[in-house]
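For reference, the structure discussed in these notes is given below.
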Amino acid sequence: MLKPFPPAAFPSLLALGVLLSSCYQVPVTGRKALDLTSDTELAKVSAAAFDEVKSKHSRSKDQARIDQLQRVGGKIAKVVFWDMPNADWEFVVFDEPKQINAFAMAGGKVGVFSGLFKIANTDDELAAVIAHEIAHVTARHVHERLSQEMLAEAGNVVGAVGLMGVGAGSLTTSTIMGLYGSSASMQMLAYDRAKEKEADYIGIMYAARAGYNPEAALTVMERLEAETAGTPSPPVFASTHPPTSERITEIQAALPKALELYQKSAIKPAPTVLK
Ligand SMILES: [Zn+2]
């Protein structure tokens, strides 16, 4: 005979229901992730945070690099269209030659610090970095982290959803800037290793689908390793990420699949004869 649920079980059942309906499926990997945030709200606040970054860093005047970022970013944006249908894309090169860094924010805001070109020179290499950063966004890693913080703050899912309802406007530019580290240095958001590996995996698949050689991800990693060797404080792109050697191994494992996608992306209706 079925016993009726004790009354105390109802809130947790309700929480479970809310939790199940607040799951998000990460593109490419298919992982189910918690998302209690409002994507529209997060995109709005991220756009404001991006404006703040733009007001604090001067823009690069290197037209070749600016064009390169637009070209590469535009192609990746097309590939991720269904993962970010409402994105209002913006790609900006900042004049920060000492910073080997790049970032992407919800809503399609992408920044590259000019120091990044030390390790990412060609279109394929830049695509590897940009696709990695955009993968953090389509995988909603920031959404997930905010959701976990909301949960921790509210004590349970029902409370967190309540918080979300009343406090949608409480998500501020400074919350976002806080997540990304100090707004002055725009430090790389410290994700955990699993998230970094997920972004690496999704990123090389995106780059390959956009027609960029996914093997470039390895070149970038190797240069990053060379660049960081013997440095007391590694560049930001490296400092919060898993060890480079670990990332290289994972990228190598994902390469056969990525190369397949890359070859498919190269199939054009009319053959191009290169002379
Ligand atoms: Zn990352």
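Just remember, in the structure tokens the first chain shown is A, the second B, etc., residues are 1-based per chain, and ligands are 1-based in the order shown.
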Exercise: range 200-203 of chain A partners within 7 Å, only C-alpha atoms, chain neighbours under 2 positions left out, as a ChimeraX atom specification: /A:28,128,131-132,135,196-198,205-207,251,254
Close residues, Ala48 in chain A itself excluded, 10 Å, only C-alpha atoms, min 3 positions apart in chain, as a ChimeraX atom specification: /A:42-45,51-54,172-174,176-177
Let's have the selection written as a PDB file, in the first residue's frame, with C-alpha atoms.
```pdb
ATOM      1  CA  LEU A  42      21.872  38.460 -17.684  1.00  0.00           C
ATOM      2  CA  ALA A  43      22.456  39.621 -21.259  1.00  0.00           C
ATOM      3  CA  LYS A  44      21.267  43.126 -20.352  1.00  0.00           C
ATOM      4  CA  VAL A  45      23.528  43.380 -17.326  1.00  0.00           C
ATOM      5  CA  ASP A  51      30.330  49.120 -21.646  1.00  0.00           C
ATOM      6  CA  GLU A  52      32.197  49.584 -18.384  1.00  0.00           C
ATOM      7  CA  VAL A  53      35.171  47.582 -19.685  1.00  0.00           C
ATOM      8  CA  LYS A  54      35.128  49.686 -22.854  1.00  0.00           C
ATOM      9  CA  THR A 172      23.725  44.254 -11.216  1.00  0.00           C
ATOM     10  CA  THR A 173      26.664  45.239 -13.346  1.00  0.00           C
ATOM     11  CA  SER A 174      28.876  44.957 -10.277  1.00  0.00           C
ATOM     12  CA  ILE A 176      28.845  40.532 -13.215  1.00  0.00           C
ATOM     13  CA  MET A 177      32.072  42.503 -12.871  1.00  0.00           C
TER      14      MET A 177
END
```
Minimum-distance residue to ligand 1, chosen among A:Ile267, A:Phe103, A:Val142, A:Thr122 (using only C-alpha atoms and all ligand atoms): A:Phe103
All residues 8 Å or closer to range 73-89 of chain A, only C-alpha atoms, same chain fewer than 6 positions away omitted, as a PyMOL selection string: chain A and resi 27+106-110+127+130-131+138+206-207+209-210
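Considering only C-alpha atoms and all ligand atoms, every residue of the polymer chains approaching ligand 1 to 7 Å or closer is listed here: A:His132, A:Glu133, A:His136, A:Tyr191, A:Glu196, A:Ala199, A:His241.
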Pick from A:Gly30, A:Arg193, A:Asp95, A:Ala266, whichever lies nearest to Arg247 in chain A using only C-alpha atoms: A:Arg193
Every residue of range 16-156 of chain A that DSSP places in alpha helix (DSSP H), as a ChimeraX atom specification: /A:16-21,39-56,63-79,123-138,141-154
All strand (DSSP E or B) residues (DSSP, backbone) inside range 27-165 of chain A, as a PyMOL selection string: chain A and resi 32-34+59+90-94+102-105+109-113
Dump as a PDB file, in the first residue's frame, selection limited to C-alpha atoms:
```pdb
ATOM      1  CA  LYS A  32      22.189  18.993 -17.898  1.00  0.00           C
ATOM      2  CA  ALA A  33      22.969  22.111 -15.897  1.00  0.00           C
ATOM      3  CA  LEU A  34      21.115  24.182 -13.346  1.00  0.00           C
ATOM      4  CA  ARG A  59      40.764  50.306 -27.978  1.00  0.00           C
ATOM      5  CA  GLU A  90      30.154  42.984 -30.487  1.00  0.00           C
ATOM      6  CA  PHE A  91      33.859  42.165 -30.945  1.00  0.00           C
ATOM      7  CA  VAL A  92      36.391  44.601 -29.524  1.00  0.00           C
ATOM      8  CA  VAL A  93      40.213  44.551 -29.497  1.00  0.00           C
ATOM      9  CA  PHE A  94      41.631  46.372 -26.472  1.00  0.00           C
ATOM     10  CA  ALA A 102      40.154  37.309 -24.040  1.00  0.00           C
ATOM     11  CA  PHE A 103      36.614  37.000 -22.725  1.00  0.00           C
ATOM     12  CA  ALA A 104      33.033  36.587 -23.863  1.00  0.00           C
ATOM     13  CA  MET A 105      29.899  37.638 -22.030  1.00  0.00           C
ATOM     14  CA  LYS A 109      29.985  40.680 -26.033  1.00  0.00           C
ATOM     15  CA  VAL A 110      33.539  39.605 -26.861  1.00  0.00           C
ATOM     16  CA  GLY A 111      36.757  41.339 -25.864  1.00  0.00           C
ATOM     17  CA  VAL A 112      40.312  40.507 -26.887  1.00  0.00           C
ATOM     18  CA  PHE A 113      43.353  42.078 -25.209  1.00  0.00           C
TER      19      PHE A 113
END
```
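Rounded to one decimal, CA of Ala194 in chain A and CA of Glu96 in chain A lie 28.8 Å from each other.
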CA of Ala258 in chain A to CA of His141 in chain A, distance in Å rounded to a single decimal: 22.0 Å
Straight-line distance linking CA of Tyr262 in chain A with CA of Leu218 in chain A, stated in Å to one decimal: 15.1 Å
Long-range neighbours of Met221 in chain A as a count of residues only, 9 Å cut-off, only C-alpha atoms, 4 positions minimum in chain: 9
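Compared by their closest atoms to Thr37 in chain A, and using only C-alpha atoms, the residues A:Thr228, A:Asn101, A:Ser265, A:Ser147 rank with A:Ser147 nearest.
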